[in-house]
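Chemist: Data file protein.cif (mmCIF, N, CA and C atoms) is appended below.
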```
data_query
loop_
_atom_site.label_atom_id
_atom_site.label_comp_id
_atom_site.auth_asym_id
_atom_site.auth_seq_id
_atom_site.Cartn_x
_atom_site.Cartn_y
_atom_site.Cartn_z
N MET A 282 75.63 -43.70 69.72
CA MET A 282 76.55 -43.38 70.78
C MET A 282 77.91 -44.00 70.54
N LEU A 283 77.95 -45.21 70.05
CA LEU A 283 79.24 -45.84 69.78
C LEU A 283 79.98 -45.14 68.65
N THR A 284 79.24 -44.51 67.74
CA THR A 284 79.88 -43.75 66.66
C THR A 284 80.63 -42.55 67.23
N SER A 285 80.04 -41.88 68.22
CA SER A 285 80.73 -40.74 68.82
C SER A 285 81.98 -41.18 69.58
N LEU A 286 81.95 -42.36 70.18
CA LEU A 286 83.14 -42.87 70.85
C LEU A 286 84.24 -43.22 69.85
N MET A 287 83.84 -43.75 68.72
CA MET A 287 84.82 -44.03 67.67
C MET A 287 85.39 -42.73 67.11
N LEU A 288 84.57 -41.71 67.00
CA LEU A 288 85.03 -40.40 66.56
C LEU A 288 86.04 -39.81 67.55
N ALA A 289 85.79 -39.97 68.84
CA ALA A 289 86.74 -39.50 69.86
C ALA A 289 88.06 -40.24 69.76
N GLY A 290 88.02 -41.52 69.51
CA GLY A 290 89.25 -42.29 69.31
C GLY A 290 90.01 -41.83 68.09
N GLY A 291 89.30 -41.53 67.00
CA GLY A 291 89.95 -41.02 65.79
C GLY A 291 90.57 -39.65 66.01
N MET A 292 89.88 -38.80 66.79
CA MET A 292 90.44 -37.48 67.10
C MET A 292 91.72 -37.61 67.92
N SER A 293 91.78 -38.59 68.78
CA SER A 293 92.99 -38.78 69.59
C SER A 293 94.16 -39.23 68.72
N ILE A 294 93.91 -40.03 67.72
CA ILE A 294 94.98 -40.44 66.81
C ILE A 294 95.49 -39.26 66.01
N VAL A 295 94.58 -38.41 65.55
CA VAL A 295 94.99 -37.20 64.82
C VAL A 295 95.78 -36.26 65.72
N SER A 296 95.34 -36.11 66.96
CA SER A 296 96.05 -35.25 67.90
C SER A 296 97.44 -35.79 68.21
N ALA A 297 97.58 -37.09 68.38
CA ALA A 297 98.89 -37.68 68.66
C ALA A 297 99.82 -37.51 67.47
N THR A 298 99.31 -37.72 66.27
CA THR A 298 100.13 -37.55 65.08
C THR A 298 100.59 -36.11 64.93
N THR A 299 99.70 -35.16 65.18
CA THR A 299 100.05 -33.74 65.10
C THR A 299 101.11 -33.38 66.14
N ALA A 300 100.94 -33.85 67.37
CA ALA A 300 101.90 -33.53 68.43
C ALA A 300 103.28 -34.07 68.10
N LEU A 301 103.34 -35.31 67.64
CA LEU A 301 104.64 -35.91 67.33
C LEU A 301 105.29 -35.25 66.12
N TRP A 302 104.51 -34.92 65.11
CA TRP A 302 105.05 -34.28 63.91
C TRP A 302 105.61 -32.89 64.24
N MET A 303 104.84 -32.12 65.01
CA MET A 303 105.28 -30.77 65.34
C MET A 303 106.45 -30.78 66.32
N GLN A 304 106.50 -31.75 67.22
CA GLN A 304 107.63 -31.85 68.14
C GLN A 304 108.89 -32.25 67.38
N GLY A 305 108.76 -33.10 66.39
CA GLY A 305 109.90 -33.51 65.58
C GLY A 305 110.50 -32.36 64.80
N ARG A 306 109.70 -31.41 64.43
CA ARG A 306 110.17 -30.23 63.69
C ARG A 306 110.52 -29.06 64.61
N ARG A 307 110.46 -29.29 65.92
CA ARG A 307 110.76 -28.25 66.91
C ARG A 307 109.87 -27.02 66.74
N MET A 308 108.60 -27.26 66.41
CA MET A 308 107.66 -26.16 66.20
C MET A 308 106.81 -25.89 67.44
N LEU A 309 106.98 -26.70 68.49
CA LEU A 309 106.11 -26.58 69.66
C LEU A 309 106.91 -26.22 70.90
N HIS A 310 106.30 -25.40 71.73
CA HIS A 310 106.82 -25.16 73.07
C HIS A 310 106.47 -26.39 73.90
N GLN A 311 107.22 -26.65 74.95
CA GLN A 311 107.02 -27.84 75.75
C GLN A 311 105.63 -27.88 76.39
N ARG A 312 105.09 -26.73 76.77
CA ARG A 312 103.75 -26.70 77.37
C ARG A 312 102.67 -27.09 76.37
N VAL A 313 102.82 -26.64 75.14
CA VAL A 313 101.84 -26.99 74.11
C VAL A 313 101.92 -28.48 73.80
N PHE A 314 103.14 -29.01 73.74
CA PHE A 314 103.31 -30.44 73.52
C PHE A 314 102.67 -31.24 74.66
N ALA A 315 102.87 -30.80 75.90
CA ALA A 315 102.26 -31.47 77.05
C ALA A 315 100.74 -31.41 76.97
N LEU A 316 100.21 -30.29 76.52
CA LEU A 316 98.76 -30.15 76.38
C LEU A 316 98.22 -31.11 75.32
N LEU A 317 98.89 -31.19 74.17
CA LEU A 317 98.44 -32.09 73.11
C LEU A 317 98.53 -33.55 73.52
N VAL A 318 99.59 -33.92 74.20
CA VAL A 318 99.73 -35.31 74.64
C VAL A 318 98.68 -35.65 75.69
N SER A 319 98.45 -34.76 76.63
CA SER A 319 97.44 -35.04 77.65
C SER A 319 96.04 -35.11 77.03
N PHE A 320 95.77 -34.25 76.04
CA PHE A 320 94.50 -34.31 75.32
C PHE A 320 94.34 -35.65 74.61
N THR A 321 95.40 -36.10 73.97
CA THR A 321 95.36 -37.35 73.23
C THR A 321 95.11 -38.54 74.15
N VAL A 322 95.90 -38.65 75.19
CA VAL A 322 95.77 -39.79 76.10
C VAL A 322 94.41 -39.77 76.79
N THR A 323 93.95 -38.59 77.16
CA THR A 323 92.64 -38.49 77.82
C THR A 323 91.52 -38.90 76.88
N LEU A 324 91.59 -38.48 75.62
CA LEU A 324 90.55 -38.89 74.67
C LEU A 324 90.54 -40.40 74.47
N MET A 325 91.71 -40.99 74.36
CA MET A 325 91.76 -42.45 74.19
C MET A 325 91.19 -43.16 75.41
N LEU A 326 91.63 -42.72 76.58
CA LEU A 326 91.15 -43.34 77.81
C LEU A 326 89.66 -43.11 78.00
N PHE A 327 89.20 -41.88 77.72
CA PHE A 327 87.79 -41.57 77.85
C PHE A 327 86.94 -42.43 76.93
N SER A 328 87.37 -42.61 75.69
CA SER A 328 86.57 -43.41 74.76
C SER A 328 86.51 -44.87 75.19
N LEU A 329 87.59 -45.40 75.74
CA LEU A 329 87.57 -46.79 76.21
C LEU A 329 86.68 -46.96 77.44
N ILE A 330 86.81 -46.04 78.40
CA ILE A 330 85.99 -46.13 79.61
C ILE A 330 84.52 -45.89 79.29
N ALA A 331 84.25 -44.95 78.40
CA ALA A 331 82.86 -44.68 78.03
C ALA A 331 82.25 -45.86 77.27
N TRP A 332 83.05 -46.51 76.45
CA TRP A 332 82.56 -47.70 75.75
C TRP A 332 82.20 -48.79 76.75
N ALA A 333 83.06 -49.00 77.75
CA ALA A 333 82.76 -49.99 78.79
C ALA A 333 81.54 -49.59 79.60
N ALA A 334 81.40 -48.28 79.86
CA ALA A 334 80.23 -47.80 80.61
C ALA A 334 78.95 -47.99 79.80
N ALA A 335 79.03 -47.78 78.49
CA ALA A 335 77.85 -47.98 77.65
C ALA A 335 77.46 -49.45 77.62
N ALA A 336 78.45 -50.32 77.70
CA ALA A 336 78.16 -51.75 77.71
C ALA A 336 77.49 -52.19 79.01
N THR A 337 77.78 -51.49 80.10
CA THR A 337 77.19 -51.83 81.40
C THR A 337 76.05 -50.90 81.78
N ALA A 338 75.47 -50.22 80.83
CA ALA A 338 74.41 -49.25 81.12
C ALA A 338 73.17 -49.90 81.74
N ALA A 339 73.00 -51.19 81.52
CA ALA A 339 71.83 -51.87 82.09
C ALA A 339 71.96 -52.03 83.60
N ILE A 340 73.19 -51.99 84.11
CA ILE A 340 73.42 -52.22 85.54
C ILE A 340 73.32 -50.92 86.34
N ALA A 341 73.99 -49.87 85.87
CA ALA A 341 74.05 -48.59 86.61
C ALA A 341 73.27 -47.52 85.85
N PRO A 342 72.77 -46.51 86.55
CA PRO A 342 72.09 -45.40 85.86
C PRO A 342 73.06 -44.69 84.91
N LEU A 343 72.56 -44.33 83.75
CA LEU A 343 73.41 -43.76 82.70
C LEU A 343 73.99 -42.41 83.11
N SER A 344 73.21 -41.55 83.75
CA SER A 344 73.73 -40.23 84.14
C SER A 344 74.84 -40.36 85.17
N LEU A 345 74.70 -41.26 86.13
CA LEU A 345 75.74 -41.47 87.13
C LEU A 345 77.02 -42.01 86.48
N THR A 346 76.87 -42.89 85.51
CA THR A 346 78.02 -43.45 84.82
C THR A 346 78.77 -42.37 84.06
N TRP A 347 78.06 -41.49 83.34
CA TRP A 347 78.71 -40.44 82.57
C TRP A 347 79.39 -39.41 83.46
N VAL A 348 78.78 -39.11 84.60
CA VAL A 348 79.42 -38.18 85.55
C VAL A 348 80.72 -38.78 86.06
N LEU A 349 80.71 -40.05 86.40
CA LEU A 349 81.91 -40.73 86.88
C LEU A 349 83.00 -40.76 85.81
N VAL A 350 82.62 -41.11 84.58
CA VAL A 350 83.60 -41.19 83.48
C VAL A 350 84.17 -39.80 83.19
N GLY A 351 83.34 -38.78 83.13
CA GLY A 351 83.81 -37.42 82.86
C GLY A 351 84.74 -36.90 83.94
N THR A 352 84.39 -37.17 85.20
CA THR A 352 85.24 -36.73 86.30
C THR A 352 86.60 -37.42 86.27
N LEU A 353 86.60 -38.72 86.04
CA LEU A 353 87.86 -39.44 85.94
C LEU A 353 88.72 -38.94 84.79
N ALA A 354 88.10 -38.67 83.65
CA ALA A 354 88.85 -38.18 82.50
C ALA A 354 89.45 -36.81 82.77
N LEU A 355 88.69 -35.92 83.40
CA LEU A 355 89.19 -34.59 83.71
C LEU A 355 90.35 -34.63 84.71
N LEU A 356 90.20 -35.42 85.76
CA LEU A 356 91.28 -35.55 86.75
C LEU A 356 92.54 -36.14 86.14
N PHE A 357 92.36 -37.14 85.29
CA PHE A 357 93.51 -37.75 84.63
C PHE A 357 94.21 -36.76 83.72
N ALA A 358 93.45 -35.99 82.96
CA ALA A 358 94.03 -35.01 82.03
C ALA A 358 94.82 -33.94 82.78
N LEU A 359 94.27 -33.44 83.87
CA LEU A 359 94.98 -32.42 84.65
C LEU A 359 96.27 -32.97 85.25
N ARG A 360 96.21 -34.16 85.79
CA ARG A 360 97.41 -34.76 86.39
C ARG A 360 98.48 -35.02 85.32
N LEU A 361 98.09 -35.55 84.19
CA LEU A 361 99.04 -35.82 83.12
C LEU A 361 99.65 -34.53 82.58
N TYR A 362 98.85 -33.49 82.44
CA TYR A 362 99.37 -32.21 81.96
C TYR A 362 100.40 -31.64 82.94
N ARG A 363 100.12 -31.72 84.22
CA ARG A 363 101.07 -31.22 85.22
C ARG A 363 102.38 -31.99 85.19
N GLU A 364 102.28 -33.31 85.04
CA GLU A 364 103.49 -34.13 84.99
C GLU A 364 104.31 -33.84 83.73
N LEU A 365 103.66 -33.71 82.61
CA LEU A 365 104.39 -33.45 81.37
C LEU A 365 104.97 -32.05 81.33
N ARG A 366 104.30 -31.09 81.91
CA ARG A 366 104.78 -29.73 81.93
C ARG A 366 106.01 -29.60 82.83
N ALA A 367 106.10 -30.44 83.84
CA ALA A 367 107.22 -30.36 84.78
C ALA A 367 108.49 -31.04 84.28
N LEU A 368 108.43 -31.72 83.15
CA LEU A 368 109.63 -32.37 82.62
C LEU A 368 110.68 -31.32 82.24
N PRO A 369 111.94 -31.63 82.39
CA PRO A 369 112.98 -30.67 82.01
C PRO A 369 112.97 -30.46 80.50
N ALA A 370 113.35 -29.25 80.10
CA ALA A 370 113.36 -28.92 78.67
C ALA A 370 114.44 -29.74 77.97
N MET A 371 114.14 -30.13 76.73
CA MET A 371 115.08 -30.91 75.94
C MET A 371 116.20 -29.98 75.44
N ASP A 372 117.42 -30.45 75.55
CA ASP A 372 118.58 -29.65 75.15
C ASP A 372 118.96 -30.02 73.71
N SER A 373 118.85 -29.06 72.78
CA SER A 373 119.19 -29.34 71.38
C SER A 373 120.60 -28.83 71.11
N ARG A 374 121.51 -29.75 70.86
CA ARG A 374 122.90 -29.37 70.60
C ARG A 374 123.27 -29.65 69.19
#
```
Just give me the structure of the file as structure tokens.
Modeler:
Amino acid sequence: MLTSLMLAGGMSIVSATTALWMQGRRMLHQRVFALLVSFTVTLMLFSLIAWAAAATAAIAPLSLTWVLVGTLALLFALRLYRELRALPAMDSR
């Protein structure tokens, strides 16, 4: 299980690198950039919270913990995507 969490963290680093590289080359629309950034931050946050939940699995039921972590990650991703999408477009002069 910890291997899958490490894999999620690695995927978030790849996603962040891709988003920044493509934004630097002006290859992305602002909505796609917002989607990649929200995906990246959510994966990082999800892997950290899930790691902490796995460490406390002896205290709380595992299914309840995963439902809570998944719900929090989904709500966070949606909120972050909405905030990033609402930013004004960058003016390239």
Chemist: Would you write out, as a count of residues only, every residue that the PyMOL selection byres ((chain A and resi 308-315) around 8) captures in this file?
Modeler: 23
Chemist: Provide the atom CA of A:Trp332 to atom N of A:Ser296 distance in Å, to one decimal place.
Modeler: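 Interatomic distance here is 19.4 Å.
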Chemist: Please indicate the distance in Å from atom N of A:Thr299 to atom C of A:Leu349, rounded to one decimal place.
Modeler: 27.1 Å
Chemist: Between atom CA of A:Leu345 and atom N of A:Ile330, what is the distance, to one decimal in Å?
Modeler: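 Computing the Euclidean distance for atom CA of A:Leu345 and atom N of A:Ile330 yields 14.8 Å.
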Chemist: Which residues are close to A:Leu353, i.e. within 12 Å by only C-alpha atoms, leaving aside same-chain residues fewer than 5 positions away? Reply as a PyMOL selection string.
Modeler: chain A and resi 323-324+326-328+330-331+346-348+358-360
Chemist: Among chain A, which ones does DSSP place in helix (DSSP H, G or I), written as a ChimeraX atom specification?
Modeler: /A:283-305,311-336,343-366
Chemist: Find the residues near A:Ala289: any atom within 8 Å, counting only N, CA and C atoms, skip ones fewer than 3 places away on the same chain, and give them as a list in words.
Modeler: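 Listing them by chain and then by number gives Leu283, Thr284, Ser285, Leu286, Met292, Ser293, Ile294, Val295, Leu324, Met325, Phe327, Ser328 and Leu329 of chain A.
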Chemist: Draw an axis-aligned box tight on the listed atoms of stretch 344-363 of chain A, then pad every side by 5 Å and write out centre and edge lengths in Å to one decimal as AutoDock Vina command-line options.
Modeler:
```
--center_x 87.8 --center_y -37.3 --center_z 84.5 --size_x 39.2 --size_y 22.2 --size_z 15.2
```
